[in-house]
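Everything on this sheet refers to the single structure shown next.
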Amino acid sequence: MPNKMSKGFYIGGYITGYILFAIMLTIAIVAIIFSVSQHPDDPPLVALGLMGTAFLPLIFSVVVYSMFIYRMWAAIQDGYARTTPGKAVGFIFIPFFNFYWIFQVFQGFAEDYNRYLARRQLNLPRLDEQLFLYYPIAILCTIVPFVGGLAALAGIVLLVLIISKTCDAVNALATAPRAPITMPNAPVGLFPQ
């Protein structure tokens, strides 16, 4: 039975980490500029230390994001999901492959979740597969010059919506009655037990 997911933790942890990172990085940059202007011959060690410290909240956000992906995929593991929770998280960190994999993680989750509901004959709301497609598109658009900033803002908004919808969906699974798995029109022996 899936464990409940907290919208507040995942949304709050993700956004708070990025806001703290932005604030601390801005302070560090200002400190570096001030230090260099006041003492051009001395290296700005304290300011550089501040800059290094600024990355701690960013790391926290990445951990929260990874936990979210792991937990959402763990909720639908019945032998038919396209990936495991560990692969869903791990493959996101593979350079260049992650351009493809982010679609599998998000749009693929919505598709697999909806199939999971059908197999289990659960009368729960389906996830909007289009919404889960728009987020990877927005993330990939962040590397496009001139639209990257706008795409990043759209990505943040879309991720908040996805976290909210996913938490609701996984929490609904936790309270849904368990029904046997059914695969309509499936030949015997084709699918794992």
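Chain labels A, B, ... are given in the sequence in which chains occur in the structure tokens; within each chain residues are numbered consecutively from 1, and ligands are likewise numbered from 1 in the order shown.
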Worksheet item: Residues at most 10 Å from A:Leu117, counting only C-alpha atoms, excluding those fewer than 4 positions away in the same chain, as a VMD selection string?
Response: chain A and resid 76 112 to 113 121 to 126 173 179 181
Quick one: which stretch 8-78 of chain A residues come within 10 Å of stretch 84-93 of chain A, and what is the nearest atom pair for each with the distance in Å to one decimal, counting only C-alpha atoms, rows ordered by chain and ascending number, as CSV?
```
residue,atom,partner,partner_atom,distance
A:Tyr65,CA,A:Val89,CA,9.0
A:Ser66,CA,A:Val89,CA,5.8
A:Met67,CA,A:Val89,CA,8.1
A:Phe68,CA,A:Val89,CA,9.1
A:Ile69,CA,A:Val89,CA,6.2
A:Tyr70,CA,A:Pro85,CA,4.6
A:Arg71,CA,A:Pro85,CA,7.1
A:Met72,CA,A:Pro85,CA,7.8
A:Trp73,CA,A:Pro85,CA,5.0
A:Ala74,CA,A:Pro85,CA,5.4
A:Ala75,CA,A:Pro85,CA,9.0
A:Ile76,CA,A:Thr84,CA,9.3
A:Gln77,CA,A:Thr84,CA,7.3
```
Could you save those same residues with N, CA, C and O atoms as a PDB file, in the first residue's frame?
```pdb
ATOM      1  N   TYR A  65      13.331  17.000  -4.731  1.00  0.00           N
ATOM      2  CA  TYR A  65      12.865  16.665  -6.075  1.00  0.00           C
ATOM      3  C   TYR A  65      13.065  15.171  -6.344  1.00  0.00           C
ATOM      4  O   TYR A  65      12.168  14.490  -6.840  1.00  0.00           O
ATOM      5  N   SER A  66      14.226  14.658  -5.975  1.00  0.00           N
ATOM      6  CA  SER A  66      14.534  13.238  -6.169  1.00  0.00           C
ATOM      7  C   SER A  66      13.632  12.353  -5.316  1.00  0.00           C
ATOM      8  O   SER A  66      13.150  11.306  -5.777  1.00  0.00           O
ATOM      9  N   MET A  67      13.393  12.765  -4.077  1.00  0.00           N
ATOM     10  CA  MET A  67      12.491  12.018  -3.205  1.00  0.00           C
ATOM     11  C   MET A  67      11.079  11.973  -3.787  1.00  0.00           C
ATOM     12  O   MET A  67      10.404  10.944  -3.732  1.00  0.00           O
ATOM     13  N   PHE A  68      10.646  13.098  -4.344  1.00  0.00           N
ATOM     14  CA  PHE A  68       9.318  13.170  -4.956  1.00  0.00           C
ATOM     15  C   PHE A  68       9.207  12.179  -6.104  1.00  0.00           C
ATOM     16  O   PHE A  68       8.246  11.398  -6.185  1.00  0.00           O
ATOM     17  N   ILE A  69      10.188  12.174  -6.996  1.00  0.00           N
ATOM     18  CA  ILE A  69      10.162  11.251  -8.137  1.00  0.00           C
ATOM     19  C   ILE A  69      10.161   9.803  -7.645  1.00  0.00           C
ATOM     20  O   ILE A  69       9.393   8.974  -8.134  1.00  0.00           O
ATOM     21  N   TYR A  70      11.004   9.510  -6.679  1.00  0.00           N
ATOM     22  CA  TYR A  70      11.078   8.141  -6.146  1.00  0.00           C
ATOM     23  C   TYR A  70       9.729   7.715  -5.577  1.00  0.00           C
ATOM     24  O   TYR A  70       9.230   6.626  -5.872  1.00  0.00           O
ATOM     25  N   ARG A  71       9.136   8.563  -4.762  1.00  0.00           N
ATOM     26  CA  ARG A  71       7.877   8.200  -4.083  1.00  0.00           C
ATOM     27  C   ARG A  71       6.724   8.053  -5.072  1.00  0.00           C
ATOM     28  O   ARG A  71       5.876   7.177  -4.902  1.00  0.00           O
ATOM     29  N   MET A  72       6.672   8.903  -6.107  1.00  0.00           N
ATOM     30  CA  MET A  72       5.551   8.784  -7.040  1.00  0.00           C
ATOM     31  C   MET A  72       5.641   7.477  -7.822  1.00  0.00           C
ATOM     32  O   MET A  72       4.641   6.796  -8.014  1.00  0.00           O
ATOM     33  N   TRP A  73       6.856   7.092  -8.216  1.00  0.00           N
ATOM     34  CA  TRP A  73       6.998   5.831  -8.948  1.00  0.00           C
ATOM     35  C   TRP A  73       6.828   4.626  -8.035  1.00  0.00           C
ATOM     36  O   TRP A  73       6.333   3.580  -8.471  1.00  0.00           O
ATOM     37  N   ALA A  74       7.209   4.747  -6.784  1.00  0.00           N
ATOM     38  CA  ALA A  74       7.041   3.635  -5.843  1.00  0.00           C
ATOM     39  C   ALA A  74       5.564   3.305  -5.638  1.00  0.00           C
ATOM     40  O   ALA A  74       5.217   2.157  -5.344  1.00  0.00           O
ATOM     41  N   ALA A  75       4.703   4.281  -5.807  1.00  0.00           N
ATOM     42  CA  ALA A  75       3.275   4.091  -5.552  1.00  0.00           C
ATOM     43  C   ALA A  75       2.598   3.188  -6.575  1.00  0.00           C
ATOM     44  O   ALA A  75       1.539   2.627  -6.289  1.00  0.00           O
ATOM     45  N   ILE A  76       3.178   3.048  -7.762  1.00  0.00           N
ATOM     46  CA  ILE A  76       2.494   2.271  -8.813  1.00  0.00           C
ATOM     47  C   ILE A  76       3.290   1.031  -9.232  1.00  0.00           C
ATOM     48  O   ILE A  76       3.088   0.506 -10.325  1.00  0.00           O
ATOM     49  N   GLN A  77       4.136   0.555  -8.372  1.00  0.00           N
ATOM     50  CA  GLN A  77       4.935  -0.631  -8.696  1.00  0.00           C
ATOM     51  C   GLN A  77       4.093  -1.894  -8.506  1.00  0.00           C
ATOM     52  O   GLN A  77       3.836  -2.319  -7.390  1.00  0.00           O
TER      53      GLN A  77
END
```
Fill in: Separation of atom CA of A:Gly8 from atom CA of A:Pro177, in Å and rounded to one decimal
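Between these atoms lies a distance of 25.6 Å.
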Discussion item. For a test of reading the model, state the distance in Å between atom CA of A:Phe60 and atom CA of A:Phe9, rounded to one decimal.
Written reply: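 Atom CA of A:Phe60 sits 11.9 Å away from atom CA of A:Phe9.
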Practice prompt. List the neighbours of A:Ile23 out to 12 Å using only C-alpha atoms; skip same-chain residues closer than 6 positions along the sequence, and give me the result as a PyMOL selection string.
Written response: chain A and resi 16-17+29-30+50-51+53-55+57-58
Residue subset to file, keeping N, CA, C and O atoms, as a short mmCIF file (atom, residue, chain, number, x, y, z; two decimals), in the first residue's frame:
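That gives us out-v8.cif:
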```cif
data_model
loop_
_atom_site.label_atom_id
_atom_site.label_comp_id
_atom_site.auth_asym_id
_atom_site.auth_seq_id
_atom_site.Cartn_x
_atom_site.Cartn_y
_atom_site.Cartn_z
N THR A 16 11.42 26.56 -1.38
CA THR A 16 12.23 27.21 -0.35
C THR A 16 13.72 27.05 -0.64
O THR A 16 14.49 28.00 -0.49
N GLY A 17 14.12 25.87 -1.06
CA GLY A 17 15.52 25.65 -1.40
C GLY A 17 16.00 26.57 -2.50
O GLY A 17 17.08 27.17 -2.41
N ILE A 29 27.50 37.26 -4.19
CA ILE A 29 28.00 38.04 -5.33
C ILE A 29 28.23 39.48 -4.92
O ILE A 29 29.26 40.08 -5.26
N VAL A 30 27.29 40.06 -4.17
CA VAL A 30 27.47 41.43 -3.69
C VAL A 30 28.70 41.51 -2.77
O VAL A 30 29.49 42.45 -2.86
N LEU A 50 30.82 32.14 1.26
CA LEU A 50 29.37 32.38 1.22
C LEU A 50 28.76 31.79 -0.05
O LEU A 50 27.67 31.23 -0.02
N MET A 51 29.49 31.94 -1.17
CA MET A 51 28.98 31.43 -2.43
C MET A 51 28.87 29.90 -2.36
O MET A 51 27.89 29.32 -2.82
N THR A 53 28.44 28.13 0.32
CA THR A 53 27.35 27.83 1.24
C THR A 53 25.99 28.01 0.57
O THR A 53 25.03 27.33 0.91
N ALA A 54 25.92 28.91 -0.40
CA ALA A 54 24.66 29.17 -1.10
C ALA A 54 24.15 27.93 -1.82
O ALA A 54 22.95 27.80 -2.06
N PHE A 55 25.05 27.02 -2.16
CA PHE A 55 24.63 25.84 -2.89
C PHE A 55 23.98 24.78 -2.00
O PHE A 55 23.37 23.84 -2.51
N PRO A 57 21.23 25.05 0.01
CA PRO A 57 19.77 24.97 -0.22
C PRO A 57 19.42 24.40 -1.60
O PRO A 57 18.40 23.74 -1.75
N LEU A 58 20.29 24.65 -2.59
CA LEU A 58 20.05 24.09 -3.92
C LEU A 58 20.15 22.57 -3.86
O LEU A 58 19.32 21.86 -4.45
#
```
Worksheet entry | A:Glu111 surroundings by only C-alpha atoms, 8 Å radius, close-in-sequence under 4 positions cut, as a list in words |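 Non-adjacent residues within range: Gln107, Arg115, Leu127 and Glu129 of chain A.
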With C-alpha atoms retained, write the just-selected residues as a tab-separated table (two decimals), in the first residue's frame.
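So the final result, stored in result-v8.tsv, reads:
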```tsv
chain	number	residue	atom	x	y	z
A	107	GLN	CA	4.55	11.98	-18.86
A	115	ARG	CA	-3.03	2.26	-16.63
A	127	LEU	CA	-3.95	12.24	-14.22
A	129	GLU	CA	-1.11	13.33	-19.34
```
Worksheet item: Separation of atom CA of A:Val64 and atom CA of A:Gly149, in Å?
Response: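 Computed distance, atom CA of A:Val64 to atom CA of A:Gly149, equals 22.2 Å.
Using only C-alpha atoms, the shortest contact distance between A:Ile27 and any of A:Leu56, A:Ala176, A:Ile15, A:Leu48 is found at A:Leu48.
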Discussion item. Can you pull out the residues contacting A:Ala152? Cut-off 9 Å, using only C-alpha atoms, and skip same-chain residues under 3 positions away; I want them as number ranges by chain.
Written reply: A: 138-139, 141-142, 147-149, 155-157
Worksheet item: Between A:Tyr10, A:Phe106, A:Tyr116, A:Tyr80, which has the minimum distance to A:Tyr135 (counting only C-alpha atoms)?
Response: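 Among the listed residues, A:Phe106 lies closest to A:Tyr135.
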Item to complete: Between A:Gly49, A:Pro95, A:Gly108, A:Gly12, single out the one closest to A:Leu131, counting only C-alpha atoms.
Response: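 Of all the options, A:Gly108 lies closest to A:Leu131.
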Item to complete: Can you check which residues of stretch 25-116 of chain A DSSP gives as alpha helix (DSSP H) on the backbone and send them as a PyMOL selection string?
Response: chain A and resi 25-38+45-74+85-90+97-116
